[in-house]
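Asker: My structure file model.pdb, PDB, C-alpha atoms, is below:
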```pdb
ATOM      1  CA  MET K   1       0.000   0.000   0.000
ATOM      2  CA  ASP K   2       1.311   3.438  -0.961
ATOM      3  CA  LEU K   3       1.187   5.488   2.255
ATOM      4  CA  THR K   4       3.462   8.280   1.057
ATOM      5  CA  THR K   5       2.505  11.836   1.858
ATOM      6  CA  ARG K   6       4.015  15.279   1.513
ATOM      7  CA  TYR K   7       4.307  17.607   4.506
ATOM      8  CA  LEU K   8       6.346  20.822   4.860
ATOM      9  CA  GLY K   9       8.044  19.998   1.586
ATOM     10  CA  PHE K  10       9.200  16.556   2.756
ATOM     11  CA  GLU K  11       8.229  13.338   0.991
ATOM     12  CA  LEU K  12       7.365  11.020   3.885
ATOM     13  CA  ASP K  13       6.884   7.251   3.744
ATOM     14  CA  HIS K  14       3.636   7.602   5.687
ATOM     15  CA  PRO K  15       1.855  10.336   7.675
ATOM     16  CA  LEU K  16       2.532   9.113  11.226
ATOM     17  CA  MET K  17       5.162  10.868  13.309
ATOM     18  CA  ALA K  18       6.059  11.433  16.931
ATOM     19  CA  GLY K  19       4.668  14.771  18.092
ATOM     20  CA  ALA K  20       6.144  17.103  20.704
ATOM     21  CA  SER K  21       6.794  15.226  23.939
ATOM     22  CA  PRO K  22       9.460  14.579  26.612
ATOM     23  CA  MET K  23      10.480  11.418  24.728
ATOM     24  CA  VAL K  24      12.938  13.483  22.679
ATOM     25  CA  ASP K  25      14.999  14.200  25.801
ATOM     26  CA  ASP K  26      16.194  10.578  25.737
ATOM     27  CA  LEU K  27      18.260   9.545  22.701
ATOM     28  CA  ASP K  28      17.381   5.878  23.216
ATOM     29  CA  GLN K  29      13.714   6.817  22.988
ATOM     30  CA  VAL K  30      14.389   8.899  19.882
ATOM     31  CA  ARG K  31      16.118   5.934  18.216
ATOM     32  CA  ALA K  32      13.212   3.700  19.256
ATOM     33  CA  LEU K  33      10.794   6.117  17.589
ATOM     34  CA  GLU K  34      12.773   5.965  14.362
ATOM     35  CA  ASP K  35      12.969   2.152  14.611
ATOM     36  CA  ALA K  36       9.171   2.095  14.989
ATOM     37  CA  GLY K  37       8.946   3.986  11.693
ATOM     38  CA  SER K  38       8.202   7.539  12.812
ATOM     39  CA  ALA K  39       8.200   9.536   9.571
ATOM     40  CA  ALA K  40       9.669  12.560  11.384
ATOM     41  CA  ILE K  41      10.488  13.653  14.931
ATOM     42  CA  ALA K  42       8.913  16.789  16.426
ATOM     43  CA  MET K  43      10.736  18.145  19.468
ATOM     44  CA  HIS K  44       8.884  19.713  22.368
ATOM     45  CA  SER K  45       8.997  23.482  22.564
ATOM     46  CA  LEU K  46      11.658  25.835  23.802
ATOM     47  CA  PHE K  47       9.563  28.338  25.752
ATOM     48  CA  GLU K  48       9.780  32.109  25.611
ATOM     49  CA  GLU K  49       9.916  32.070  29.415
ATOM     50  CA  GLN K  50      13.170  30.111  29.212
ATOM     51  CA  LEU K  51      14.708  32.663  26.869
ATOM     52  CA  ALA K  52      13.535  35.581  29.011
ATOM     53  CA  GLY K  53      14.633  33.840  32.189
ATOM     54  CA  GLU K  54      18.112  33.229  30.825
ATOM     55  CA  GLN K  55      18.419  36.857  29.733
ATOM     56  CA  ILE K  56      17.253  38.128  33.120
ATOM     57  CA  SER K  57      19.619  35.746  34.922
ATOM     58  CA  THR K  58      22.529  37.017  32.853
ATOM     59  CA  HIS K  59      21.707  40.652  33.554
ATOM     60  CA  HIS K  60      21.111  39.891  37.217
ATOM     61  CA  SER K  61      24.533  38.292  37.637
ATOM     62  CA  MET K  62      26.154  41.298  35.949
ATOM     63  CA  GLU K  63      24.069  43.896  37.766
ATOM     64  CA  SER K  64      23.624  42.346  41.202
ATOM     65  CA  SER K  65      22.758  45.712  42.734
ATOM     66  CA  SER K  66      19.848  46.271  40.385
ATOM     67  CA  HIS K  67      16.547  45.853  42.214
ATOM     68  CA  MET K  68      14.772  45.895  38.879
ATOM     69  CA  PHE K  69      16.275  42.585  37.767
ATOM     70  CA  ALA K  70      15.913  41.034  41.197
ATOM     71  CA  GLU K  71      12.220  41.811  41.094
ATOM     72  CA  ALA K  72      11.903  40.609  37.518
ATOM     73  CA  MET K  73      13.365  37.251  38.509
ATOM     74  CA  THR K  74      10.417  36.669  40.829
ATOM     75  CA  PHE K  75       8.074  36.644  37.859
ATOM     76  CA  MET K  76      10.015  33.924  36.034
ATOM     77  CA  PRO K  77       9.783  30.183  36.718
ATOM     78  CA  ASP K  78      12.982  28.687  38.110
ATOM     79  CA  LEU K  79      14.956  27.455  35.121
ATOM     80  CA  PRO K  80      15.430  23.948  36.601
ATOM     81  CA  GLU K  81      11.660  23.446  36.068
ATOM     82  CA  PHE K  82      12.432  23.126  32.374
ATOM     83  CA  ARG K  83      13.979  19.861  31.203
ATOM     84  CA  LEU K  84      16.315  21.560  28.765
ATOM     85  CA  GLY K  85      17.556  25.142  28.930
ATOM     86  CA  PRO K  86      18.155  27.057  25.690
ATOM     87  CA  ASP K  87      21.739  25.848  25.243
ATOM     88  CA  GLU K  88      20.886  22.289  26.247
ATOM     89  CA  TYR K  89      17.962  22.311  23.832
ATOM     90  CA  LEU K  90      20.212  23.229  20.918
ATOM     91  CA  GLU K  91      22.735  20.574  21.908
ATOM     92  CA  GLN K  92      20.000  17.933  22.146
ATOM     93  CA  LEU K  93      18.773  18.977  18.715
ATOM     94  CA  ARG K  94      22.276  18.382  17.351
ATOM     95  CA  ARG K  95      22.411  14.969  19.011
ATOM     96  CA  ILE K  96      19.039  13.959  17.609
ATOM     97  CA  LYS K  97      20.066  15.008  14.111
ATOM     98  CA  GLU K  98      23.163  12.835  14.409
ATOM     99  CA  ALA K  99      21.151   9.904  15.789
ATOM    100  CA  VAL K 100      18.346   9.662  13.205
ATOM    101  CA  ALA K 101      17.909   9.940   9.460
ATOM    102  CA  VAL K 102      14.316  11.232   9.444
ATOM    103  CA  PRO K 103      13.446  14.962   9.427
ATOM    104  CA  VAL K 104      13.630  16.683  12.816
ATOM    105  CA  PHE K 105      11.333  19.614  13.629
ATOM    106  CA  ALA K 106      12.343  22.018  16.407
ATOM    107  CA  SER K 107       9.714  24.072  18.217
ATOM    108  CA  LEU K 108       9.411  27.536  19.762
ATOM    109  CA  ASN K 109       6.564  28.437  22.098
ATOM    110  CA  GLY K 110       5.902  32.062  22.930
ATOM    111  CA  THR K 111       3.769  35.136  22.438
ATOM    112  CA  THR K 112       6.189  37.956  21.532
ATOM    113  CA  LEU K 113       8.903  38.287  18.906
ATOM    114  CA  GLY K 114      11.627  38.948  21.498
ATOM    115  CA  GLY K 115      14.520  36.549  21.118
ATOM    116  CA  TRP K 116      12.562  34.171  18.910
ATOM    117  CA  LEU K 117      14.266  35.172  15.694
ATOM    118  CA  ASP K 118      17.764  34.654  17.060
ATOM    119  CA  TYR K 119      16.887  31.255  18.513
ATOM    120  CA  ALA K 120      15.010  30.217  15.387
ATOM    121  CA  LYS K 121      18.210  30.826  13.430
ATOM    122  CA  LEU K 122      20.245  28.936  16.033
ATOM    123  CA  MET K 123      17.867  25.975  15.728
ATOM    124  CA  VAL K 124      18.369  25.941  11.983
ATOM    125  CA  ASP K 125      22.133  26.140  12.483
ATOM    126  CA  ALA K 126      21.868  23.186  14.888
ATOM    127  CA  GLY K 127      20.246  21.120  12.138
ATOM    128  CA  ALA K 128      16.471  21.581  12.421
ATOM    129  CA  ASP K 129      14.825  20.563   9.156
ATOM    130  CA  ALA K 130      11.757  22.679   9.956
ATOM    131  CA  LEU K 131      10.402  24.833  12.768
ATOM    132  CA  GLU K 132       7.098  24.581  14.578
ATOM    133  CA  LEU K 133       5.911  27.878  16.073
ATOM    134  CA  ASN K 134       3.566  27.105  18.929
ATOM    135  CA  LEU K 135       1.133  29.996  19.451
ATOM    136  CA  TYR K 136      -0.248  28.896  22.818
ATOM    137  CA  GLN K 137      -1.547  31.858  24.773
ATOM    138  CA  VAL K 138      -4.178  32.386  27.457
ATOM    139  CA  ILE K 139      -5.362  35.999  27.471
ATOM    140  CA  THR K 140      -6.449  37.454  30.800
ATOM    141  CA  ASP K 141      -5.949  41.164  29.997
ATOM    142  CA  PRO K 142      -9.354  42.647  29.038
ATOM    143  CA  THR K 143      -7.718  45.593  27.263
ATOM    144  CA  ARG K 144      -6.181  43.387  24.558
ATOM    145  CA  SER K 145      -8.392  42.736  21.551
ATOM    146  CA  ALA K 146      -8.481  39.617  19.402
ATOM    147  CA  ALA K 147      -7.330  41.676  16.420
ATOM    148  CA  GLU K 148      -4.286  42.921  18.351
ATOM    149  CA  ILE K 149      -3.326  39.413  19.449
ATOM    150  CA  GLU K 150      -3.715  37.920  15.981
ATOM    151  CA  ALA K 151      -1.698  40.768  14.456
ATOM    152  CA  GLY K 152       1.119  40.008  16.894
ATOM    153  CA  HIS K 153       1.064  36.326  16.016
ATOM    154  CA  LEU K 154       1.125  37.094  12.306
ATOM    155  CA  GLU K 155       4.125  39.373  12.796
ATOM    156  CA  ILE K 156       5.990  36.572  14.562
ATOM    157  CA  VAL K 157       5.252  34.126  11.741
ATOM    158  CA  ARG K 158       6.051  36.669   9.024
ATOM    159  CA  THR K 159       9.378  37.637  10.600
ATOM    160  CA  VAL K 160      10.587  34.126  11.400
ATOM    161  CA  ALA K 161       9.461  32.653   8.061
ATOM    162  CA  SER K 162      11.238  35.399   6.131
ATOM    163  CA  GLU K 163      14.502  35.017   8.033
ATOM    164  CA  VAL K 164      15.054  31.248   8.177
ATOM    165  CA  SER K 165      15.847  28.854   5.367
ATOM    166  CA  VAL K 166      13.586  25.988   6.486
ATOM    167  CA  PRO K 167       9.797  25.515   6.421
ATOM    168  CA  VAL K 168       7.811  27.016   9.294
ATOM    169  CA  ALA K 169       4.690  25.300  10.602
ATOM    170  CA  VAL K 170       2.315  26.992  13.048
ATOM    171  CA  LYS K 171       0.680  25.042  15.865
ATOM    172  CA  LEU K 172      -2.695  26.575  16.674
ATOM    173  CA  SER K 173      -5.367  26.452  19.300
ATOM    174  CA  PRO K 174      -9.012  26.175  18.191
ATOM    175  CA  ALA K 175      -9.981  29.359  20.063
ATOM    176  CA  TYR K 176     -10.341  31.798  17.179
ATOM    177  CA  THR K 177     -13.561  33.529  16.208
ATOM    178  CA  SER K 178     -12.748  32.940  12.533
ATOM    179  CA  LEU K 179     -10.150  30.230  12.234
ATOM    180  CA  PRO K 180     -10.486  30.039   8.407
ATOM    181  CA  HIS K 181      -9.656  33.752   8.121
ATOM    182  CA  PHE K 182      -6.662  33.428  10.457
ATOM    183  CA  ALA K 183      -5.431  30.328   8.614
ATOM    184  CA  ALA K 184      -5.483  32.250   5.338
ATOM    185  CA  ALA K 185      -3.566  35.111   6.954
ATOM    186  CA  LEU K 186      -0.966  32.690   8.332
ATOM    187  CA  GLU K 187      -0.450  31.161   4.907
ATOM    188  CA  GLU K 188      -0.025  34.641   3.427
ATOM    189  CA  ALA K 189       2.463  35.486   6.214
ATOM    190  CA  GLY K 190       4.676  32.599   5.135
ATOM    191  CA  ALA K 191       3.535  29.567   7.138
ATOM    192  CA  SER K 192       4.361  26.317   5.327
ATOM    193  CA  GLY K 193       1.945  24.198   7.362
ATOM    194  CA  LEU K 194      -0.590  24.258  10.202
ATOM    195  CA  VAL K 195      -0.803  21.862  13.151
ATOM    196  CA  LEU K 196      -4.261  21.344  14.690
ATOM    197  CA  PHE K 197      -4.342  21.680  17.705
ATOM    198  CA  ASN K 198      -2.711  22.625  20.961
ATOM    199  CA  ARG K 199      -4.379  21.145  24.005
ATOM    200  CA  PHE K 200      -5.303  23.490  26.863
ATOM    201  CA  TYR K 201      -4.232  22.321  30.300
ATOM    202  CA  GLN K 202      -6.506  24.002  32.806
ATOM    203  CA  PRO K 203      -5.593  23.938  36.506
ATOM    204  CA  ASP K 204      -7.938  22.211  38.923
ATOM    205  CA  ILE K 205      -8.822  23.460  42.424
ATOM    206  CA  ASP K 206      -7.882  21.553  45.561
ATOM    207  CA  VAL K 207     -10.839  22.630  47.686
ATOM    208  CA  GLU K 208      -9.330  21.301  50.942
ATOM    209  CA  GLU K 209      -5.857  22.792  50.614
ATOM    210  CA  LEU K 210      -7.105  25.896  48.753
ATOM    211  CA  GLU K 211      -4.464  25.495  46.098
ATOM    212  CA  MET K 212      -4.424  25.390  42.323
ATOM    213  CA  GLU K 213      -3.625  21.886  41.207
ATOM    214  CA  ARG K 214      -1.712  21.310  37.955
ATOM    215  CA  ARG K 215      -2.702  18.145  36.160
ATOM    216  CA  LEU K 216      -1.915  16.757  32.745
ATOM    217  CA  ASP K 217      -4.423  14.311  31.285
ATOM    218  CA  LEU K 218      -3.367  12.416  28.192
ATOM    219  CA  SER K 219      -5.624  12.543  25.170
ATOM    220  CA  THR K 220      -8.192   9.967  24.101
ATOM    221  CA  SER K 221      -9.668   9.201  20.692
ATOM    222  CA  GLY K 222     -12.566  11.474  21.658
ATOM    223  CA  ASP K 223     -10.224  14.469  21.450
ATOM    224  CA  LEU K 224      -9.771  13.788  17.738
ATOM    225  CA  LEU K 225     -13.270  14.999  16.812
ATOM    226  CA  LEU K 226     -12.423  18.689  17.193
ATOM    227  CA  ARG K 227      -9.391  18.172  14.950
ATOM    228  CA  VAL K 228     -11.419  16.292  12.343
ATOM    229  CA  ASN K 229     -13.976  19.092  12.247
ATOM    230  CA  TRP K 230     -11.422  21.819  11.499
ATOM    231  CA  LEU K 231      -9.229  19.674   9.282
ATOM    232  CA  GLY K 232     -12.331  19.050   7.207
ATOM    233  CA  ILE K 233     -13.105  22.745   6.928
ATOM    234  CA  LEU K 234      -9.593  24.101   6.354
ATOM    235  CA  SER K 235      -8.442  21.403   3.921
ATOM    236  CA  ALA K 236     -11.368  22.270   1.665
ATOM    237  CA  GLN K 237     -10.342  25.930   1.599
ATOM    238  CA  ARG K 238      -6.539  26.069   1.810
ATOM    239  CA  SER K 239      -3.712  24.383  -0.078
ATOM    240  CA  ILE K 240      -1.346  24.623   2.905
ATOM    241  CA  PRO K 241      -0.562  21.163   4.371
ATOM    242  CA  LEU K 242      -2.235  20.319   7.660
ATOM    243  CA  ALA K 243      -1.162  18.057  10.522
ATOM    244  CA  ALA K 244      -3.449  16.505  13.123
ATOM    245  CA  SER K 245      -2.179  16.616  16.696
ATOM    246  CA  GLY K 246      -4.208  15.152  19.539
ATOM    247  CA  GLY K 247      -6.446  12.110  19.813
ATOM    248  CA  VAL K 248      -4.845   9.653  17.377
ATOM    249  CA  HIS K 249      -4.545   6.290  19.137
ATOM    250  CA  THR K 250      -5.650   3.776  16.502
ATOM    251  CA  GLY K 251      -5.492   3.139  12.785
ATOM    252  CA  ILE K 252      -9.116   4.230  12.450
ATOM    253  CA  ASP K 253      -8.246   7.517  14.163
ATOM    254  CA  ALA K 254      -5.546   8.032  11.533
ATOM    255  CA  VAL K 255      -8.025   7.180   8.769
ATOM    256  CA  LYS K 256     -10.417   9.846  10.062
ATOM    257  CA  ALA K 257      -7.690  12.488  10.242
ATOM    258  CA  VAL K 258      -6.527  11.789   6.683
ATOM    259  CA  MET K 259     -10.089  11.613   5.326
ATOM    260  CA  ALA K 260     -10.659  15.047   6.853
ATOM    261  CA  GLY K 261      -7.595  16.358   5.037
ATOM    262  CA  ALA K 262      -4.488  15.818   7.173
ATOM    263  CA  SER K 263      -1.189  15.339   5.369
ATOM    264  CA  ALA K 264       0.570  14.368   8.607
ATOM    265  CA  VAL K 265      -0.576  12.827  11.874
ATOM    266  CA  GLN K 266       1.314  13.488  15.101
ATOM    267  CA  MET K 267       1.094  10.946  17.918
ATOM    268  CA  VAL K 268       2.046  11.565  21.549
ATOM    269  CA  SER K 269      -0.311  10.186  24.213
ATOM    270  CA  ALA K 270      -0.582   6.742  22.619
ATOM    271  CA  LEU K 271       3.216   6.509  22.508
ATOM    272  CA  LEU K 272       3.607   7.664  26.107
ATOM    273  CA  GLN K 273       1.061   5.069  27.219
ATOM    274  CA  ARG K 274       2.135   2.123  25.069
ATOM    275  CA  GLY K 275       5.658   2.901  23.904
ATOM    276  CA  PRO K 276       7.159   3.859  20.533
ATOM    277  CA  ALA K 277       6.189   0.507  18.982
ATOM    278  CA  ARG K 278       2.557   1.645  19.034
ATOM    279  CA  LEU K 279       3.332   3.925  16.073
ATOM    280  CA  ALA K 280       4.248   0.925  13.909
ATOM    281  CA  GLU K 281       1.053  -0.850  14.972
ATOM    282  CA  VAL K 282      -1.088   2.141  14.016
ATOM    283  CA  ARG K 283       0.701   2.394  10.667
ATOM    284  CA  ASP K 284      -0.059  -1.290   9.994
ATOM    285  CA  GLU K 285      -3.701  -0.782  11.012
ATOM    286  CA  LEU K 286      -3.952   2.202   8.661
ATOM    287  CA  SER K 287      -2.434   0.229   5.779
ATOM    288  CA  ALA K 288      -4.680  -2.780   6.401
ATOM    289  CA  TRP K 289      -7.799  -0.602   6.422
ATOM    290  CA  LEU K 290      -6.847   0.981   3.095
ATOM    291  CA  VAL K 291      -6.247  -2.424   1.524
ATOM    292  CA  GLU K 292      -9.517  -3.807   2.884
ATOM    293  CA  HIS K 293     -11.436  -0.847   1.463
ATOM    294  CA  GLU K 294      -9.665  -1.059  -1.905
ATOM    295  CA  TYR K 295      -7.826   2.223  -1.855
ATOM    296  CA  GLU K 296      -4.762   2.418  -4.069
ATOM    297  CA  SER K 297      -2.973   5.024  -1.960
ATOM    298  CA  LEU K 298      -3.240   7.268   1.066
ATOM    299  CA  GLU K 299      -3.445  10.276  -1.244
ATOM    300  CA  GLN K 300      -6.599   8.877  -2.843
ATOM    301  CA  MET K 301      -8.278   8.972   0.577
ATOM    302  CA  ARG K 302      -6.926  12.320   1.802
ATOM    303  CA  GLY K 303      -9.636  14.971   2.038
ATOM    304  CA  SER K 304     -12.329  12.619   0.747
ATOM    305  CA  MET K 305     -14.590  13.540   3.674
ATOM    306  CA  ASN K 306     -13.801  17.233   4.024
ATOM    307  CA  LEU K 307     -16.197  20.134   3.598
ATOM    308  CA  ALA K 308     -15.868  20.056  -0.191
ATOM    309  CA  HIS K 309     -16.243  16.311  -0.705
ATOM    310  CA  CYS K 310     -18.341  14.757   2.056
ATOM    311  CA  PRO K 311     -21.956  13.745   1.251
ATOM    312  CA  ASP K 312     -23.400  16.170   3.825
ATOM    313  CA  PRO K 313     -21.233  19.316   4.170
ATOM    314  CA  ARG K 314     -23.798  20.794   6.566
ATOM    315  CA  ALA K 315     -22.426  18.363   9.175
ATOM    316  CA  PHE K 316     -19.495  20.781   9.539
ATOM    317  CA  GLU K 317     -21.741  23.787  10.019
ATOM    318  CA  ARG K 318     -24.260  25.234  12.472
ATOM    319  CA  LEU K 319     -27.138  23.084  11.220
ATOM    320  CA  ASN K 320     -25.453  19.989  12.640
ATOM    321  CA  TYR K 321     -25.404  21.630  16.090
ATOM    322  CA  VAL K 322     -29.117  22.382  15.841
ATOM    323  CA  ARG K 323     -30.039  18.899  14.626
ATOM    324  CA  LEU K 324     -28.052  17.161  17.345
ATOM    325  CA  LEU K 325     -29.632  19.171  20.142
ATOM    326  CA  MET K 326     -33.171  19.012  18.755
ATOM    327  CA  GLY K 327     -32.911  15.313  17.973
ATOM    328  CA  TRP K 328     -31.649  14.140  21.334
ATOM    329  CA  ALA K 329     -33.847  11.734  23.258
ATOM    330  CA  PRO K 330     -33.224   9.630  26.388
ATOM    331  CA  ASN K 331     -32.533   5.949  25.827
TER     332      ASN K 331
END
```
Now that the file is in, can you turn its structure into structure tokens?

Answerer:
Amino acid sequence: MDLTTRYLGFELDHPLMAGASPMVDDLDQVRALEDAGSAAIAMHSLFEEQLAGEQISTHHSMESSSHMFAEAMTFMPDLPEFRLGPDEYLEQLRRIKEAVAVPVFASLNGTTLGGWLDYAKLMVDAGADALELNLYQVITDPTRSAAEIEAGHLEIVRTVASEVSVPVAVKLSPAYTSLPHFAAALEEAGASGLVLFNRFYQPDIDVEELEMERRLDLSTSGDLLLRVNWLGILSAQRSIPLAASGGVHTGIDAVKAVMAGASAVQMVSALLQRGPARLAEVRDELSAWLVEHEYESLEQMRGSMNLAHCPDPRAFERLNYVRLLMGWAPN
């Protein structure tokens, strides 16, 4: 079965790849991912807070009498909370590039241009085959408008994409009033691909200790539905390649993502739960399903159930919401 796909300019043997996770901090795990057939390796993000924290630490050590920097340090997380600091991240990127033959995507996560451009260039120098800009942001300031925030994100993408020699993908959240409009603007700004989606990790409340409780829940196949919905809409409107991220645990999950229009499928939670070998199993399940249903290639299936090609395009729109609510009945 021909599972080849094209993503960020790379011809990949199949669409399945390891998404951003702590697995890349261990070279043995990275090699295991390649052995399992991961079509590419996406590193977890280097965070803007790490860059800012390093800069503040440097100034603080040079200007120990400055109360301004001492105060600023209190707003930054302690750097040891991060697995890899900026320099360690670049060194690990170099090691991964030496260890595997598949494309390696480095990632930056932040909200302002700041030192992004310099570190984006350093990542390319360290061997990154592509960059993933992770636009995760939770807005609590009521004076900042959606238009202002989106304009800032577009400026980041435009600047980085114009200054580096590798493709730039943008990892998005679903929380946009008009995601199709923003996707078009990102493509115009120079994005080479879009990754759908970030997952929001909301804190819980410990009602006895009166503390905010941080908790990370791994995805399930149910999380895929939001991705399928927007993959189906955007792939019918844009030519930019799309990657699904979140909720792919089985071959059928991968089938759904590709039918909706994904060119690449990132896996994380399934690999954390069941090990790198799970990627090979899902690839085999995907191939077997295509053979059973008499497809000649993955490309033949891609986008076959998106907004432009599915039998009932209204399922992607508001009418589906109305029908589901009005048609509900107790068992």

Asker: Of the candidates K:Glu34, K:Asp26, K:Glu187, K:Glu294, which shows the shortest atom-to-atom distance to Gln92 in chain K, using all atoms listed in the file?

Answerer: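 Among the listed residues, the smallest separation from Gln92 in chain K belongs to K:Asp26.
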
Asker: Would you mind telling me which residue in K:Ala106, K:Val265, K:Phe200, K:Ala99 lies nearest to Val138 in chain K when using all atoms listed in the file?

Answerer: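 Nearest candidate to Val138 in chain K out of K:Ala106, K:Val265, K:Phe200, K:Ala99: K:Phe200.
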
Asker: If we count only C-alpha atoms and set the cut-off at 12 Å, which residues sit around Met267 in chain K, ignoring sequence neighbours fewer than 6 positions away in its own chain? Please answer as a ChimeraX atom specification.

Answerer: /K:15-21,23,33,38-42,218-221,224,243-251,253-254,257,273-280,282-283

Asker: To test your reading of the syntax: which residues would the PyMOL selection byres ((chain K and resi 201) around 12) return for the file shown? Reply as a VMD selection string.

Answerer: chain K and resid 136 to 138 173 198 to 200 202 to 204 213 to 219

Asker: Keeping C-alpha atoms for every residue in the selection just given, could you write it to a file as a compact mmCIF listing (two decimals), keeping the file's coordinate frame?

Answerer:
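again_32.txt written:
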```txt
# COMPACT_ATOMS: atom_id res chain seq x y z
CA TYR K 136 -0.25 28.90 22.82
CA GLN K 137 -1.55 31.86 24.77
CA VAL K 138 -4.18 32.39 27.46
CA SER K 173 -5.37 26.45 19.30
CA ASN K 198 -2.71 22.62 20.96
CA ARG K 199 -4.38 21.14 24.00
CA PHE K 200 -5.30 23.49 26.86
CA GLN K 202 -6.51 24.00 32.81
CA PRO K 203 -5.59 23.94 36.51
CA ASP K 204 -7.94 22.21 38.92
CA GLU K 213 -3.62 21.89 41.21
CA ARG K 214 -1.71 21.31 37.96
CA ARG K 215 -2.70 18.14 36.16
CA LEU K 216 -1.92 16.76 32.74
CA ASP K 217 -4.42 14.31 31.28
CA LEU K 218 -3.37 12.42 28.19
CA SER K 219 -5.62 12.54 25.17
```

Asker: Taking the file as shown, what set of residues would the PyMOL selection byres ((chain K and resi 303) around 6) give back, as a PyMOL selection string?

Answerer: chain K and resi 259-261+302+304-306
